[in-house]
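For reference, coords-v7.cif (mmCIF, N, CA and C atoms):
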data_upload
loop_
_atom_site.label_atom_id
_atom_site.label_comp_id
_atom_site.auth_asym_id
_atom_site.auth_seq_id
_atom_site.Cartn_x
_atom_site.Cartn_y
_atom_site.Cartn_z
N MET A 1 47.46 -23.89 7.18
CA MET A 1 47.71 -23.62 8.59
C MET A 1 46.85 -22.42 9.02
N THR A 2 46.19 -22.55 10.14
CA THR A 2 45.34 -21.50 10.66
C THR A 2 46.18 -20.49 11.43
N GLN A 3 45.91 -19.22 11.22
CA GLN A 3 46.53 -18.18 12.03
C GLN A 3 45.52 -17.79 13.09
N TYR A 4 45.80 -18.10 14.32
CA TYR A 4 44.87 -17.83 15.41
C TYR A 4 44.92 -16.37 15.83
N GLU A 5 43.77 -15.85 16.23
CA GLU A 5 43.69 -14.49 16.78
C GLU A 5 44.13 -14.49 18.24
N SER A 6 43.90 -15.60 18.91
CA SER A 6 44.24 -15.73 20.33
C SER A 6 44.92 -17.07 20.56
N VAL A 7 45.78 -17.09 21.57
CA VAL A 7 46.48 -18.33 21.93
C VAL A 7 46.48 -18.47 23.45
N LEU A 8 46.11 -19.67 23.90
CA LEU A 8 46.16 -20.00 25.32
C LEU A 8 47.50 -20.66 25.61
N ILE A 9 48.22 -20.12 26.59
CA ILE A 9 49.45 -20.74 27.09
C ILE A 9 49.08 -21.37 28.42
N TYR A 10 49.27 -22.69 28.54
CA TYR A 10 48.84 -23.39 29.74
C TYR A 10 49.87 -24.44 30.14
N ASP A 11 49.75 -24.95 31.35
CA ASP A 11 50.66 -25.98 31.86
C ASP A 11 50.39 -27.28 31.12
N GLY A 12 51.17 -27.53 30.10
CA GLY A 12 50.97 -28.70 29.26
C GLY A 12 51.27 -30.03 29.93
N GLU A 13 51.88 -30.01 31.11
CA GLU A 13 52.15 -31.25 31.83
C GLU A 13 51.05 -31.58 32.83
N CYS A 14 50.04 -30.73 32.92
CA CYS A 14 48.98 -30.89 33.90
C CYS A 14 47.70 -31.36 33.21
N PRO A 15 47.23 -32.58 33.50
CA PRO A 15 46.01 -33.06 32.85
C PRO A 15 44.79 -32.21 33.16
N TYR A 16 44.73 -31.64 34.35
CA TYR A 16 43.59 -30.79 34.71
C TYR A 16 43.63 -29.46 33.96
N CYS A 17 44.83 -28.94 33.75
CA CYS A 17 44.95 -27.67 33.03
C CYS A 17 44.53 -27.82 31.57
N SER A 18 44.65 -29.03 31.05
CA SER A 18 44.22 -29.28 29.68
C SER A 18 42.72 -29.10 29.52
N ILE A 19 41.98 -29.18 30.62
CA ILE A 19 40.53 -28.95 30.57
C ILE A 19 40.25 -27.53 30.07
N ALA A 20 41.04 -26.58 30.53
CA ALA A 20 40.86 -25.20 30.08
C ALA A 20 41.09 -25.10 28.57
N ALA A 21 42.11 -25.79 28.09
CA ALA A 21 42.37 -25.77 26.65
C ALA A 21 41.24 -26.44 25.88
N ARG A 22 40.69 -27.51 26.42
CA ARG A 22 39.59 -28.21 25.75
C ARG A 22 38.32 -27.38 25.70
N ALA A 23 38.16 -26.47 26.66
CA ALA A 23 36.97 -25.61 26.66
C ALA A 23 36.94 -24.71 25.43
N LEU A 24 38.08 -24.56 24.78
CA LEU A 24 38.18 -23.68 23.62
C LEU A 24 38.07 -24.43 22.29
N GLU A 25 37.83 -25.74 22.33
CA GLU A 25 37.79 -26.55 21.10
C GLU A 25 36.85 -25.99 20.04
N ARG A 26 35.73 -25.44 20.46
CA ARG A 26 34.73 -24.95 19.50
C ARG A 26 35.12 -23.64 18.85
N LEU A 27 36.14 -22.99 19.34
CA LEU A 27 36.52 -21.69 18.82
C LEU A 27 37.66 -21.83 17.82
N ASP A 28 37.37 -21.63 16.56
CA ASP A 28 38.37 -21.80 15.52
C ASP A 28 39.47 -20.75 15.55
N THR A 29 39.23 -19.65 16.25
CA THR A 29 40.20 -18.56 16.26
C THR A 29 41.16 -18.62 17.44
N VAL A 30 41.05 -19.67 18.29
CA VAL A 30 41.90 -19.78 19.48
C VAL A 30 42.71 -21.06 19.41
N GLY A 31 44.02 -20.91 19.51
CA GLY A 31 44.91 -22.05 19.58
C GLY A 31 45.40 -22.26 21.00
N ALA A 32 46.12 -23.33 21.23
CA ALA A 32 46.65 -23.63 22.56
C ALA A 32 48.08 -24.15 22.41
N ILE A 33 48.90 -23.81 23.41
CA ILE A 33 50.29 -24.24 23.40
C ILE A 33 50.75 -24.42 24.84
N SER A 34 51.59 -25.39 25.05
CA SER A 34 52.12 -25.66 26.39
C SER A 34 53.08 -24.56 26.83
N TRP A 35 53.02 -24.22 28.10
CA TRP A 35 53.93 -23.24 28.68
C TRP A 35 55.38 -23.70 28.47
N TYR A 36 55.60 -25.00 28.41
CA TYR A 36 56.94 -25.57 28.28
C TYR A 36 57.50 -25.49 26.86
N ASP A 37 56.67 -25.16 25.89
CA ASP A 37 57.12 -25.04 24.51
C ASP A 37 58.06 -23.84 24.38
N GLU A 38 59.13 -24.01 23.63
CA GLU A 38 60.11 -22.93 23.46
C GLU A 38 59.49 -21.66 22.89
N THR A 39 58.53 -21.80 21.99
CA THR A 39 57.88 -20.64 21.40
C THR A 39 57.09 -19.86 22.45
N ALA A 40 56.44 -20.58 23.38
CA ALA A 40 55.72 -19.91 24.47
C ALA A 40 56.70 -19.17 25.37
N GLN A 41 57.83 -19.81 25.67
CA GLN A 41 58.85 -19.17 26.50
C GLN A 41 59.36 -17.88 25.84
N GLN A 42 59.59 -17.93 24.53
CA GLN A 42 60.07 -16.74 23.81
C GLN A 42 59.02 -15.62 23.84
N PHE A 43 57.74 -15.99 23.67
CA PHE A 43 56.70 -14.97 23.74
C PHE A 43 56.68 -14.31 25.12
N LEU A 44 56.67 -15.13 26.17
CA LEU A 44 56.60 -14.59 27.54
C LEU A 44 57.79 -13.69 27.83
N GLU A 45 58.96 -14.08 27.39
CA GLU A 45 60.15 -13.25 27.59
C GLU A 45 60.01 -11.90 26.87
N SER A 46 59.47 -11.91 25.66
CA SER A 46 59.31 -10.66 24.93
C SER A 46 58.19 -9.78 25.50
N GLN A 47 57.20 -10.40 26.14
CA GLN A 47 56.08 -9.66 26.72
C GLN A 47 56.40 -9.14 28.12
N PHE A 48 57.04 -9.98 28.95
CA PHE A 48 57.22 -9.64 30.37
C PHE A 48 58.67 -9.48 30.81
N ASP A 49 59.62 -9.70 29.90
CA ASP A 49 61.05 -9.68 30.25
C ASP A 49 61.41 -10.79 31.24
N GLU A 50 60.59 -11.80 31.31
CA GLU A 50 60.80 -13.00 32.11
C GLU A 50 59.80 -14.04 31.63
N THR A 51 59.85 -15.24 32.20
CA THR A 51 58.94 -16.30 31.78
C THR A 51 58.08 -16.74 32.96
N PRO A 52 57.10 -15.93 33.34
CA PRO A 52 56.26 -16.28 34.49
C PRO A 52 55.47 -17.56 34.23
N PHE A 53 55.35 -18.36 35.28
CA PHE A 53 54.60 -19.62 35.20
C PHE A 53 53.16 -19.33 35.61
N ALA A 54 52.29 -19.28 34.62
CA ALA A 54 50.87 -19.01 34.84
C ALA A 54 50.13 -19.35 33.55
N MET A 55 48.81 -19.29 33.62
CA MET A 55 47.99 -19.45 32.43
C MET A 55 47.86 -18.07 31.77
N PHE A 56 48.02 -18.02 30.45
CA PHE A 56 47.89 -16.77 29.72
C PHE A 56 46.99 -16.99 28.51
N LEU A 57 46.17 -16.00 28.21
CA LEU A 57 45.42 -15.97 26.96
C LEU A 57 45.86 -14.71 26.25
N VAL A 58 46.51 -14.89 25.10
CA VAL A 58 47.04 -13.77 24.34
C VAL A 58 46.08 -13.49 23.20
N ASP A 59 45.57 -12.27 23.13
CA ASP A 59 44.59 -11.89 22.12
C ASP A 59 45.17 -10.79 21.25
N SER A 60 45.57 -11.14 20.03
CA SER A 60 46.19 -10.16 19.13
C SER A 60 45.19 -9.16 18.59
N ARG A 61 43.93 -9.57 18.45
CA ARG A 61 42.90 -8.67 17.92
C ARG A 61 42.62 -7.53 18.90
N ARG A 62 42.57 -7.87 20.19
CA ARG A 62 42.32 -6.86 21.23
C ARG A 62 43.61 -6.26 21.79
N ASN A 63 44.75 -6.79 21.34
CA ASN A 63 46.05 -6.36 21.86
C ASN A 63 46.12 -6.46 23.38
N GLN A 64 45.65 -7.61 23.90
CA GLN A 64 45.61 -7.85 25.34
C GLN A 64 46.24 -9.20 25.67
N VAL A 65 46.82 -9.28 26.85
CA VAL A 65 47.29 -10.54 27.41
C VAL A 65 46.57 -10.71 28.74
N TYR A 66 45.76 -11.73 28.83
CA TYR A 66 45.03 -12.05 30.06
C TYR A 66 45.88 -13.06 30.83
N ALA A 67 46.03 -12.84 32.13
CA ALA A 67 46.90 -13.72 32.91
C ALA A 67 46.17 -14.27 34.13
N GLY A 68 46.51 -15.51 34.50
CA GLY A 68 46.00 -16.12 35.72
C GLY A 68 44.49 -16.09 35.81
N ARG A 69 43.99 -15.45 36.85
CA ARG A 69 42.53 -15.43 37.08
C ARG A 69 41.81 -14.69 35.94
N ALA A 70 42.41 -13.63 35.39
CA ALA A 70 41.79 -12.92 34.27
C ALA A 70 41.70 -13.84 33.04
N ALA A 71 42.72 -14.67 32.82
CA ALA A 71 42.71 -15.62 31.70
C ALA A 71 41.63 -16.67 31.90
N ALA A 72 41.54 -17.21 33.11
CA ALA A 72 40.54 -18.24 33.40
C ALA A 72 39.13 -17.71 33.18
N LYS A 73 38.89 -16.50 33.63
CA LYS A 73 37.57 -15.89 33.47
C LYS A 73 37.26 -15.64 31.98
N GLU A 74 38.22 -15.14 31.25
CA GLU A 74 38.03 -14.86 29.82
C GLU A 74 37.79 -16.16 29.04
N ILE A 75 38.52 -17.21 29.38
CA ILE A 75 38.33 -18.51 28.72
C ILE A 75 36.91 -19.02 28.96
N ALA A 76 36.45 -18.93 30.19
CA ALA A 76 35.09 -19.39 30.52
C ALA A 76 34.06 -18.60 29.73
N GLU A 77 34.26 -17.30 29.60
CA GLU A 77 33.32 -16.47 28.84
C GLU A 77 33.34 -16.82 27.36
N ARG A 78 34.53 -17.00 26.80
CA ARG A 78 34.63 -17.33 25.37
C ARG A 78 34.08 -18.71 25.05
N ALA A 79 34.16 -19.61 26.00
CA ALA A 79 33.64 -20.96 25.80
C ALA A 79 32.13 -21.01 26.05
N SER A 80 31.52 -19.84 26.22
CA SER A 80 30.07 -19.70 26.43
C SER A 80 29.57 -20.44 27.66
N MET A 81 30.41 -20.46 28.68
CA MET A 81 29.94 -21.04 29.95
C MET A 81 29.03 -20.01 30.61
N PRO A 82 28.08 -20.46 31.40
CA PRO A 82 27.20 -19.50 32.08
C PRO A 82 28.00 -18.48 32.87
N GLY A 83 27.48 -17.26 32.97
CA GLY A 83 28.16 -16.18 33.65
C GLY A 83 28.62 -16.53 35.05
N ILE A 84 27.82 -17.30 35.74
CA ILE A 84 28.19 -17.67 37.11
C ILE A 84 29.43 -18.55 37.12
N VAL A 85 29.62 -19.38 36.10
CA VAL A 85 30.81 -20.23 36.02
C VAL A 85 32.05 -19.37 35.83
N SER A 86 31.99 -18.41 34.91
CA SER A 86 33.17 -17.56 34.69
C SER A 86 33.49 -16.73 35.92
N GLN A 87 32.46 -16.28 36.64
CA GLN A 87 32.69 -15.53 37.88
C GLN A 87 33.35 -16.43 38.94
N LEU A 88 32.83 -17.65 39.07
CA LEU A 88 33.39 -18.58 40.05
C LEU A 88 34.83 -18.95 39.72
N VAL A 89 35.11 -19.20 38.45
CA VAL A 89 36.46 -19.55 38.03
C VAL A 89 37.40 -18.39 38.31
N GLY A 90 36.97 -17.18 37.96
CA GLY A 90 37.81 -16.01 38.21
C GLY A 90 38.07 -15.77 39.68
N LYS A 91 37.05 -15.86 40.49
CA LYS A 91 37.20 -15.59 41.92
C LYS A 91 37.94 -16.69 42.66
N ASN A 92 37.86 -17.92 42.19
CA ASN A 92 38.45 -19.06 42.89
C ASN A 92 39.70 -19.61 42.20
N TYR A 93 40.28 -18.83 41.32
CA TYR A 93 41.44 -19.28 40.54
C TYR A 93 42.57 -19.78 41.44
N ASP A 94 42.91 -19.02 42.49
CA ASP A 94 44.03 -19.40 43.35
C ASP A 94 43.77 -20.74 44.04
N GLN A 95 42.56 -20.94 44.54
CA GLN A 95 42.22 -22.20 45.20
C GLN A 95 42.23 -23.35 44.20
N ILE A 96 41.70 -23.11 43.02
CA ILE A 96 41.69 -24.15 41.98
C ILE A 96 43.13 -24.51 41.60
N ALA A 97 43.98 -23.50 41.40
CA ALA A 97 45.38 -23.75 41.04
C ALA A 97 46.09 -24.54 42.13
N THR A 98 45.82 -24.21 43.38
CA THR A 98 46.44 -24.94 44.50
C THR A 98 45.99 -26.39 44.51
N LEU A 99 44.68 -26.62 44.37
CA LEU A 99 44.16 -27.98 44.36
C LEU A 99 44.71 -28.79 43.20
N VAL A 100 44.79 -28.17 42.03
CA VAL A 100 45.34 -28.85 40.86
C VAL A 100 46.81 -29.21 41.11
N GLY A 101 47.55 -28.29 41.71
CA GLY A 101 48.95 -28.56 42.02
C GLY A 101 49.11 -29.73 42.96
N VAL A 102 48.28 -29.80 43.98
CA VAL A 102 48.33 -30.92 44.93
C VAL A 102 47.94 -32.22 44.23
N ALA A 103 46.86 -32.18 43.45
CA ALA A 103 46.36 -33.38 42.78
C ALA A 103 47.35 -33.95 41.77
N THR A 104 48.13 -33.07 41.12
CA THR A 104 49.05 -33.53 40.09
C THR A 104 50.48 -33.69 40.58
N GLY A 105 50.73 -33.28 41.82
CA GLY A 105 52.09 -33.37 42.34
C GLY A 105 53.01 -32.30 41.80
N ARG A 106 52.44 -31.25 41.25
CA ARG A 106 53.25 -30.14 40.72
C ARG A 106 53.99 -29.50 41.89
N ASN A 107 55.26 -29.30 41.74
CA ASN A 107 56.05 -28.77 42.84
C ASN A 107 56.31 -27.27 42.74
N ARG A 108 55.47 -26.58 42.01
CA ARG A 108 55.62 -25.13 41.92
C ARG A 108 54.25 -24.49 41.84
N ASP A 109 54.13 -23.32 42.41
CA ASP A 109 52.89 -22.56 42.36
C ASP A 109 52.94 -21.60 41.18
N PRO A 110 51.78 -21.26 40.63
CA PRO A 110 51.76 -20.26 39.57
C PRO A 110 52.29 -18.92 40.10
N ASP A 111 52.94 -18.19 39.22
CA ASP A 111 53.41 -16.86 39.58
C ASP A 111 52.23 -15.90 39.70
N ASP A 112 52.45 -14.80 40.37
CA ASP A 112 51.39 -13.85 40.69
C ASP A 112 51.10 -12.90 39.52
N TYR A 113 50.56 -13.45 38.46
CA TYR A 113 50.12 -12.67 37.30
C TYR A 113 48.63 -12.94 37.14
N HIS A 114 47.79 -11.91 37.32
CA HIS A 114 46.34 -12.11 37.31
C HIS A 114 45.57 -11.01 36.61
N GLU A 115 46.23 -10.17 35.89
CA GLU A 115 45.57 -9.00 35.31
C GLU A 115 45.48 -9.13 33.79
N MET A 116 44.97 -8.06 33.19
CA MET A 116 45.02 -7.88 31.74
C MET A 116 46.17 -6.92 31.47
N TYR A 117 47.01 -7.28 30.52
CA TYR A 117 48.17 -6.47 30.18
C TYR A 117 48.09 -6.10 28.70
N PRO A 118 48.48 -4.89 28.34
CA PRO A 118 48.53 -4.56 26.91
C PRO A 118 49.61 -5.41 26.23
N LEU A 119 49.30 -5.88 25.03
CA LEU A 119 50.28 -6.63 24.25
C LEU A 119 51.39 -5.66 23.85
N ARG A 120 52.60 -5.94 24.31
CA ARG A 120 53.72 -5.06 24.03
C ARG A 120 54.10 -5.13 22.56
N GLU A 121 54.53 -4.00 22.05
CA GLU A 121 54.98 -3.93 20.65
C GLU A 121 56.09 -4.94 20.39
N THR A 122 56.97 -5.14 21.38
CA THR A 122 58.07 -6.09 21.23
C THR A 122 57.60 -7.54 21.19
N ALA A 123 56.36 -7.78 21.60
CA ALA A 123 55.86 -9.15 21.64
C ALA A 123 55.00 -9.52 20.43
N VAL A 124 54.72 -8.56 19.55
CA VAL A 124 53.85 -8.83 18.41
C VAL A 124 54.45 -9.88 17.48
N SER A 125 55.73 -9.76 17.14
CA SER A 125 56.33 -10.76 16.25
C SER A 125 56.44 -12.10 16.95
N ALA A 126 56.67 -12.09 18.26
CA ALA A 126 56.69 -13.34 19.01
C ALA A 126 55.30 -13.98 19.04
N PHE A 127 54.25 -13.15 19.03
CA PHE A 127 52.90 -13.70 18.97
C PHE A 127 52.68 -14.42 17.65
N ASN A 128 53.15 -13.87 16.56
CA ASN A 128 52.97 -14.52 15.26
C ASN A 128 53.60 -15.91 15.26
N ALA A 129 54.77 -16.06 15.84
CA ALA A 129 55.40 -17.37 15.95
C ALA A 129 54.60 -18.28 16.89
N LEU A 130 54.09 -17.71 17.97
CA LEU A 130 53.27 -18.45 18.93
C LEU A 130 52.02 -19.01 18.25
N ALA A 131 51.33 -18.15 17.50
CA ALA A 131 50.12 -18.58 16.81
C ALA A 131 50.42 -19.65 15.77
N ALA A 132 51.52 -19.51 15.07
CA ALA A 132 51.90 -20.50 14.06
C ALA A 132 52.23 -21.86 14.69
N SER A 133 52.75 -21.86 15.91
CA SER A 133 53.11 -23.10 16.60
C SER A 133 51.95 -23.72 17.36
N SER A 134 50.87 -22.99 17.51
CA SER A 134 49.72 -23.44 18.30
C SER A 134 48.83 -24.39 17.52
N LYS A 135 48.05 -25.14 18.27
CA LYS A 135 47.08 -26.07 17.69
C LYS A 135 45.80 -25.96 18.48
N THR A 136 44.72 -26.34 17.86
CA THR A 136 43.50 -26.48 18.65
C THR A 136 43.65 -27.76 19.45
N GLN A 137 43.01 -27.82 20.55
CA GLN A 137 43.07 -29.01 21.39
C GLN A 137 42.52 -30.22 20.63
N ALA A 138 41.56 -29.99 19.74
CA ALA A 138 40.94 -31.08 18.99
C ALA A 138 41.94 -31.74 18.03
N SER A 139 42.95 -30.98 17.58
CA SER A 139 43.90 -31.54 16.61
C SER A 139 45.08 -32.23 17.29
N ARG A 140 45.12 -32.27 18.60
CA ARG A 140 46.23 -32.90 19.33
C ARG A 140 46.05 -34.38 19.42
#

The structure in this file should be written as structure tokens.
Amino acid sequence: MTQYESVLIYDGECPYCSIAARALERLDTVGAISWYDETAQQFLESQFDETPFAMFLVDSRRNQVYAGRAAAKEIAERASMPGIVSQLVGKNYDQIATLVGVATGRNRDPDDYHEMYPLRETAVSAFNALAASSKTQASR
């Protein structure tokens, strides 16, 4: 079993959101898990004292949690997309999320989490469980 350095938490019921997870296929150190997974919920609760609905990239090596637009931008950069793509994704995250919601019939908007947050000490053990439960998109 691979222990990932980073884990993407994404809307696992959204086919378009899975594109973000697929962008990380080439990175052996990044796993992915659905926001709806109990382990993801436990991590979010330990990190934020609630379970915000958004895309998150949790990086244990850097002790950072990227959320919303910051996560989208970081994913684009790690997937070696051209700089302009990561800038566009970061700047247009809200519009993209709205369009994806309309296209998929999702009846909720992402919560307003868009920054980089330090990985809380209370969330470190929850991250270990998150990483253990994660898979690369290629193995799904």

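Across the chains present, the PyMOL selection byres ((chain A and resi 70) around 7) applied to this file returns Leu57, Tyr66, Ala67, Gly68, Arg69, Ala71, Ala72, Lys73, Glu74, Ile75, Gly90, Tyr113, His114, Glu115 and Met116 of chain A.
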
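Residues matched by the PyMOL selection byres ((chain A and resi 12) around 7) in this file: Ile9, Tyr10, Asp11, Glu13, Cys14, Pro15, Cys17, Ser18, Ile33, Ser34, Trp35 and Tyr36 of chain A.
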
Worksheet item: Could you work out how far atom C of Met55 (chain A) lies from atom N of Lys135 (chain A), giving the answer in Å with one decimal?
Response: 15.2 Å

Practice prompt. I would like the residues chosen by the PyMOL selection byres ((chain A and resi 111) around 7) on the shown file; could you give them as a ChimeraX atom specification?
Written response: /A:52-54,108-110,112-114

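The interatomic distance for the pair CA of Tyr4 (chain A) and atom C of Ala123 (chain A) works out to 14.0 Å.
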
Practice prompt. Would you kindly return, as an MDAnalysis selection string, each protein, DNA or RNA residue with an atom no farther than 6 Å from any atom of Gly31 (chain A), considering all atoms listed in the file and excluding same-chain residues fewer than 6 positions away?
Written response: chainID A and resid 4 6:8 134:136

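Between CA of Leu27 (chain A) and CA of Tyr117 (chain A) the separation is 22.3 Å.
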
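Closest approach to Glu5 (chain A) from the set A:Leu44, A:Arg120, A:Ala131, A:Thr39 is made by A:Ala131, with distances taken over only N, CA and C atoms.
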